[in-house]
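To be precise, the following lines are my_file-v6.csv, and they hold CSV, C-alpha atoms and all ligand atoms.
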```csv
chain,number,residue,atom,x,y,z
A,903,MET,CA,160.9,163.9,53.2
A,904,PRO,CA,158.4,162.4,50.7
A,905,GLU,CA,157.4,164.8,48.0
A,906,TYR,CA,153.8,165.4,47.0
A,907,LYS,CA,152.1,167.7,44.6
A,908,THR,CA,148.7,169.2,45.1
A,909,GLU,CA,146.4,168.0,42.3
A,910,PRO,CA,142.8,168.9,41.5
A,911,LEU,CA,140.5,166.7,43.5
A,912,ASN,CA,137.4,165.4,41.7
A,913,VAL,CA,134.9,163.7,43.9
A,914,PRO,CA,132.5,161.9,41.7
A,915,TYR,CA,129.7,161.7,44.3
A,916,VAL,CA,127.9,164.3,46.3
A,917,SER,CA,128.9,162.8,49.6
A,918,GLY,CA,130.6,163.7,52.9
A,919,LEU,CA,133.1,161.0,52.3
A,920,LEU,CA,136.1,161.1,50.0
A,921,PRO,CA,136.8,158.1,47.8
A,922,GLU,CA,138.7,155.6,49.8
A,923,GLY,CA,142.1,156.0,48.0
A,924,GLU,CA,142.0,159.7,48.5
A,925,ARG,CA,141.0,159.4,52.1
A,926,ASN,CA,144.0,157.0,52.8
A,927,ARG,CA,146.4,159.4,51.0
A,928,ARG,CA,145.2,162.3,53.1
A,929,VAL,CA,145.4,160.4,56.4
A,930,ALA,CA,149.0,159.3,55.5
A,931,LEU,CA,150.0,162.9,54.8
A,932,THR,CA,148.4,164.3,57.9
A,933,SER,CA,150.0,161.7,60.2
A,934,PHE,CA,153.3,162.2,58.5
A,935,ARG,CA,153.2,165.9,59.2
A,936,SER,CA,152.0,165.7,62.7
A,937,SER,CA,154.8,163.2,63.6
A,938,GLY,CA,157.4,165.8,62.6
A,939,ALA,CA,159.5,167.9,64.9
A,940,GLN,CA,156.7,170.3,65.7
A,941,GLY,CA,154.5,167.7,67.1
A,942,ARG,CA,157.2,166.7,69.7
A,943,ILE,CA,157.8,170.1,71.3
A,944,PRO,CA,156.5,169.7,74.8
A,945,THR,CA,153.8,172.2,75.7
A,946,ARG,CA,152.1,173.2,78.8
A,947,GLU,CA,148.7,174.6,79.5
A,948,VAL,CA,148.6,178.2,80.9
A,949,GLU,CA,145.9,180.5,81.9
A,950,CYS,CA,146.2,184.0,80.5
A,951,TYR,CA,146.4,186.6,83.3
A,952,GLU,CA,144.7,189.2,81.1
A,953,CYS,CA,141.6,187.4,79.7
A,954,GLY,CA,141.6,184.3,82.0
A,955,LYS,CA,141.4,181.8,79.1
A,956,ARG,CA,143.6,178.8,78.7
A,957,SER,CA,145.9,177.9,75.9
A,958,HIS,CA,149.0,175.7,75.2
A,959,VAL,CA,152.4,177.2,74.9
A,960,PRO,CA,155.9,175.6,74.4
A,961,ALA,CA,157.0,174.5,77.8
A,962,SER,CA,160.5,176.1,77.5
A,963,ALA,CA,159.4,179.5,76.2
A,964,GLN,CA,160.0,182.6,78.3
A,965,THR,CA,157.3,184.6,76.6
A,966,ALA,CA,154.3,183.7,74.4
A,967,ALA,CA,151.3,185.4,73.0
A,968,CYS,CA,147.8,184.5,74.2
A,969,VAL,CA,145.9,183.0,71.3
A,970,HIS,CA,142.7,184.5,72.6
A,971,CYS,CA,143.5,188.2,73.5
A,972,HIS,CA,147.0,188.4,72.0
A,973,ALA,CA,148.5,189.7,75.3
A,974,THR,CA,152.2,189.0,75.6
A,975,LEU,CA,152.6,186.4,78.4
A,976,ASN,CA,155.7,186.4,80.5
A,977,MET,CA,156.6,183.0,81.8
A,978,ALA,CA,159.8,183.7,83.7
A,979,ASP,CA,160.2,183.0,87.4
A,980,VAL,CA,160.9,186.2,89.3
A,981,GLU,CA,162.8,186.7,92.5
A,982,LEU,CA,162.2,189.9,94.5
A,983,ASN,CA,164.7,191.0,97.1
A,984,ALA,CA,165.5,194.0,99.3
A,985,ASP,CA,166.8,195.9,96.3
A,986,SER,CA,163.9,195.2,93.9
A,987,ARG,CA,162.4,198.4,92.5
A,988,ASN,CA,159.9,197.0,90.1
A,989,LEU,CA,157.1,196.0,92.3
A,990,THR,CA,154.6,195.2,89.5
A,991,VAL,CA,155.0,191.6,88.3
A,992,ARG,CA,152.8,189.8,85.7
A,993,THR,CA,154.1,186.3,85.0
A,994,LEU,CA,152.8,182.8,84.5
A,995,GLY,CA,155.9,181.6,86.4
A,996,ASN,CA,156.5,181.7,90.1
A,997,VAL,CA,157.5,184.6,92.4
A,998,MET,CA,159.8,184.3,95.4
A,999,VAL,CA,160.3,187.0,97.9
A,1000,ALA,CA,163.8,186.6,99.4
A,1001,PRO,CA,164.5,186.6,103.1
A,1002,GLY,CA,165.1,190.1,104.5
A,1003,ALA,CA,163.1,191.9,101.7
A,1004,VAL,CA,160.5,194.4,103.0
A,1005,LEU,CA,158.3,195.3,100.0
A,1006,SER,CA,155.1,197.3,100.1
A,1007,ARG,CA,152.6,198.4,97.4
A,1008,LEU,CA,153.3,195.2,95.4
A,1009,SER,CA,151.1,194.3,92.5
A,1010,ILE,CA,151.6,190.7,91.6
A,1011,VAL,CA,149.9,188.2,89.3
A,1012,CYS,CA,151.7,184.9,89.1
A,1013,ARG,CA,151.3,181.1,89.3
A,1014,SER,CA,152.7,180.4,92.8
A,1015,MET,CA,154.3,182.9,95.2
A,1016,THR,CA,156.5,182.0,98.2
A,1017,VAL,CA,157.2,184.8,100.7
A,1018,TYR,CA,160.2,184.6,103.0
A,1019,GLY,CA,160.3,188.4,103.5
A,1020,ARG,CA,157.6,190.9,104.4
A,1021,VAL,CA,155.2,192.1,101.8
A,1022,SER,CA,152.1,194.2,101.3
A,1023,GLY,CA,150.0,194.9,98.3
A,1024,ASN,CA,147.7,193.2,95.8
A,1025,ILE,CA,148.5,189.6,95.1
A,1026,ARG,CA,146.8,187.1,92.8
A,1027,CYS,CA,148.1,183.5,92.4
A,1028,THR,CA,146.5,181.0,90.1
A,1029,GLN,CA,148.1,178.3,92.3
A,1030,GLU,CA,149.6,178.7,95.7
A,1031,LEU,CA,150.4,181.7,97.9
A,1032,CYS,CA,152.6,180.6,100.8
A,1033,PHE,CA,153.8,182.8,103.7
A,1034,ARG,CA,156.9,181.5,105.5
A,1035,GLU,CA,157.6,184.7,107.5
A,1036,SER,CA,155.4,187.1,109.3
A,1037,SER,CA,153.7,189.9,107.4
A,1038,ARG,CA,151.0,192.4,107.6
A,1039,VAL,CA,149.6,192.3,104.1
A,1040,GLU,CA,147.4,195.4,103.1
A,1041,GLY,CA,145.8,194.7,99.8
A,1042,GLU,CA,143.5,192.4,97.8
A,1043,LEU,CA,144.6,188.8,98.1
A,1044,ARG,CA,143.5,185.9,95.9
A,1045,ALA,CA,144.9,182.4,95.4
A,1046,ARG,CA,143.8,178.9,94.6
A,1047,ARG,CA,145.5,177.7,97.8
A,1048,LEU,CA,146.8,179.7,100.8
A,1049,VAL,CA,149.5,178.3,103.1
A,1050,ILE,CA,150.6,179.9,106.3
A,1051,ALA,CA,153.7,178.1,107.4
A,1052,ARG,CA,154.4,177.2,111.1
A,1053,SER,CA,156.9,180.0,111.6
A,1054,ALA,CA,154.7,182.8,110.2
A,1055,GLU,CA,152.2,185.2,111.8
A,1056,VAL,CA,150.3,186.9,109.1
A,1057,VAL,CA,147.7,189.7,109.3
A,1058,MET,CA,145.4,190.4,106.3
A,1059,PRO,CA,143.2,193.4,107.1
A,1060,GLU,CA,141.3,193.1,103.8
A,1061,GLY,CA,140.8,189.4,104.0
A,1062,VAL,CA,141.7,186.7,101.4
A,1063,SER,CA,139.7,184.8,98.8
A,1064,VAL,CA,140.9,181.2,98.1
A,1065,ARG,CA,139.7,177.8,97.1
A,1066,GLU,CA,141.4,176.2,100.1
A,1067,ALA,CA,143.7,177.2,102.9
A,1068,LEU,CA,146.1,175.5,105.3
A,1069,VAL,CA,147.0,177.4,108.4
A,1070,GLU,CA,149.9,175.9,110.3
A,1071,GLY,CA,151.1,179.2,111.8
A,1072,LYS,CA,149.0,182.2,112.9
A,1073,LEU,CA,146.6,184.0,110.6
A,1074,ALA,CA,144.3,187.0,111.4
A,1075,ALA,CA,142.0,187.4,108.4
A,1076,ASP,CA,138.5,187.0,107.1
A,1077,VAL,CA,138.9,184.0,104.8
A,1078,ARG,CA,136.5,183.3,101.9
A,1079,ALA,CA,137.1,179.7,100.7
A,1080,ALA,CA,135.1,177.8,98.1
A,1081,GLY,CA,136.5,174.6,99.6
A,1082,VAL,CA,138.1,173.6,102.9
A,1083,ILE,CA,140.0,175.6,105.5
A,1084,ARG,CA,142.3,173.4,107.4
A,1085,ILE,CA,143.9,174.5,110.7
A,1086,GLY,CA,147.0,172.4,111.6
A,1087,ARG,CA,148.2,171.3,115.0
A,1088,GLU,CA,149.8,174.6,116.0
A,1089,GLY,CA,147.7,176.7,113.7
A,1090,VAL,CA,145.5,179.6,114.9
A,1091,LEU,CA,143.0,181.3,112.7
A,1092,ARG,CA,141.4,184.4,114.0
A,1093,GLY,CA,138.6,185.9,111.8
A,1094,ARG,CA,135.4,185.3,109.9
A,1095,CYS,CA,135.3,182.2,107.7
A,1096,GLU,CA,133.1,181.5,104.8
A,1097,ALA,CA,134.0,178.0,103.7
A,1098,ALA,CA,132.6,174.7,102.6
A,1099,ASP,CA,134.2,173.3,105.8
A,1100,VAL,CA,136.6,174.3,108.5
A,1101,VAL,CA,138.7,171.4,109.8
A,1102,VAL,CA,140.6,172.0,113.0
A,1103,GLU,CA,143.2,169.4,113.9
A,1104,PRO,CA,143.8,168.6,117.6
A,1105,GLY,CA,145.9,171.5,119.0
A,1106,GLY,CA,144.8,173.9,116.4
A,1107,GLN,CA,142.4,176.9,117.1
A,1108,TYR,CA,139.7,178.7,115.3
A,1109,ILE,CA,138.7,181.9,117.0
A,1110,PRO,CA,135.7,183.6,115.3
A,1111,PRO,CA,134.9,187.2,115.9
A,1112,ARG,CA,132.9,188.0,119.0
A,1113,ASN,CA,129.9,189.7,117.4
B,1,ZN,ZN,144.4,186.3,76.9
```
Please go through the file and, once you have read it, give me the structure as structure tokens.
Amino acid sequence: MPEYKTEPLNVPYVSGLLPEGERNRRVALTSFRSSGAQGRIPTREVECYECGKRSHVPASAQTAACVHCHATLNMADVELNADSRNLTVRTLGNVMVAPGAVLSRLSIVCRSMTVYGRVSGNIRCTQELCFRESSRVEGELRARRLVIARSAEVVMPEGVSVREALVEGKLAADVRAAGVIRIGREGVLRGRCEAADVVVEPGGQYIPPRN
């Protein structure tokens, strides 16, 4: 590693620019330091679940501190099964609910969540919320993208807020979507829709409320 000493810097002119020699020296030092090991650690961008702001964290870290609000951010993936007792999860990772699990009063904030069991509670996903099994989900539901798989019949009495939705199974819910709701070939959506567009593929059904 090259050695350098800090020395008093005299700039002879009142100017925004450093003398050329000094400028080159500083550029060389800066680029040497940024090409060191620290510059090569892969990072990823995450959104803090406490303050909602984005920051970069080391990709392999399991926890990090939000640079904006200093909250400790958990980044581990979580699997919930029939024996899970801790039903409150805050993570920037993904959550999976195992087949056979029946969990109510969940409080989940995560990246993506895939549900093979039956769940109820408040769920917020910054990415995808996917139901692969039938559930009646009592609680507040928010996700960037909602997916109801072909095998699933899902009821959401309190509705769901998303950017977009794909219904390939059966969904009974009021859906608020900033973007498009797509109903697949065997999909059935029963409920009120607020969306930029509702696309019903041949064989799919949208059944709005009668009144
Ligand atoms: Zn934060």
Could the residues that lie within 6 Å of ligand ZN 1 (chain B), counting only C-alpha atoms and all ligand atoms, be listed as an MDAnalysis selection string? chainID A and resid 950 952:953 955 968 970:973
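Counting all atoms listed in the file, the residue from A:Asp979, A:Met1015, A:Ser1053, A:Leu1048 that sits nearest to Ala1079 in chain A is A:Leu1048.
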For Gln1107 in chain A, please output as a ChimeraX atom specification all residues within 9 Å (counting all atoms listed in the file; exclusion window: fewer than 3 positions along the same chain). /A:1085-1092,1102-1104
To one decimal place in Å, what is the distance between CA of Ala1067 in chain A and CA of Ser1036 in chain A?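 Going from CA of Ala1067 in chain A over to CA of Ser1036 in chain A, I get 16.6 Å.
Taking all atoms listed in the file into account, Gln1029 in chain A lies nearest to A:Val948 out of the set A:Leu1073, A:Val948, A:Val1100, A:Val999.
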Record the distance separating CA of Asp1076 in chain A and CA of Ala1097 in chain A, expressed in Å with one decimal. 10.6 Å
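Here CA of Gly1105 in chain A stands at a distance of 14.3 Å from CA of Leu1068 in chain A.
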Which residues are close to Asp985 in chain A, i.e. within 12 Å by all atoms listed in the file, leaving aside same-chain residues fewer than 4 positions away? Reply as JSON, numbers by chain. {"A": [981, 989, 999, 1000, 1001, 1002, 1003, 1004, 1005]}
Give me a file of those residues, with C-alpha atoms, as a PDB file, in the coordinates of the input.
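See selection_39.pdb below for the written result:
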```
ATOM      1  CA  GLU A 981     162.800 186.700  92.500  1.00  0.00           C
ATOM      2  CA  LEU A 989     157.100 196.000  92.300  1.00  0.00           C
ATOM      3  CA  VAL A 999     160.300 187.000  97.900  1.00  0.00           C
ATOM      4  CA  ALA A1000     163.800 186.600  99.400  1.00  0.00           C
ATOM      5  CA  PRO A1001     164.500 186.600 103.100  1.00  0.00           C
ATOM      6  CA  GLY A1002     165.100 190.100 104.500  1.00  0.00           C
ATOM      7  CA  ALA A1003     163.100 191.900 101.700  1.00  0.00           C
ATOM      8  CA  VAL A1004     160.500 194.400 103.000  1.00  0.00           C
ATOM      9  CA  LEU A1005     158.300 195.300 100.000  1.00  0.00           C
TER      10      LEU A1005
END
```
Rank A:Leu994, A:Pro944, A:Gly1093, A:Gly1061 by their smallest atom-to-atom distance to Ala967 in chain A, using all atoms listed in the file, and report the top residue only.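 Closest to Ala967 in chain A of all the choices is A:Leu994.
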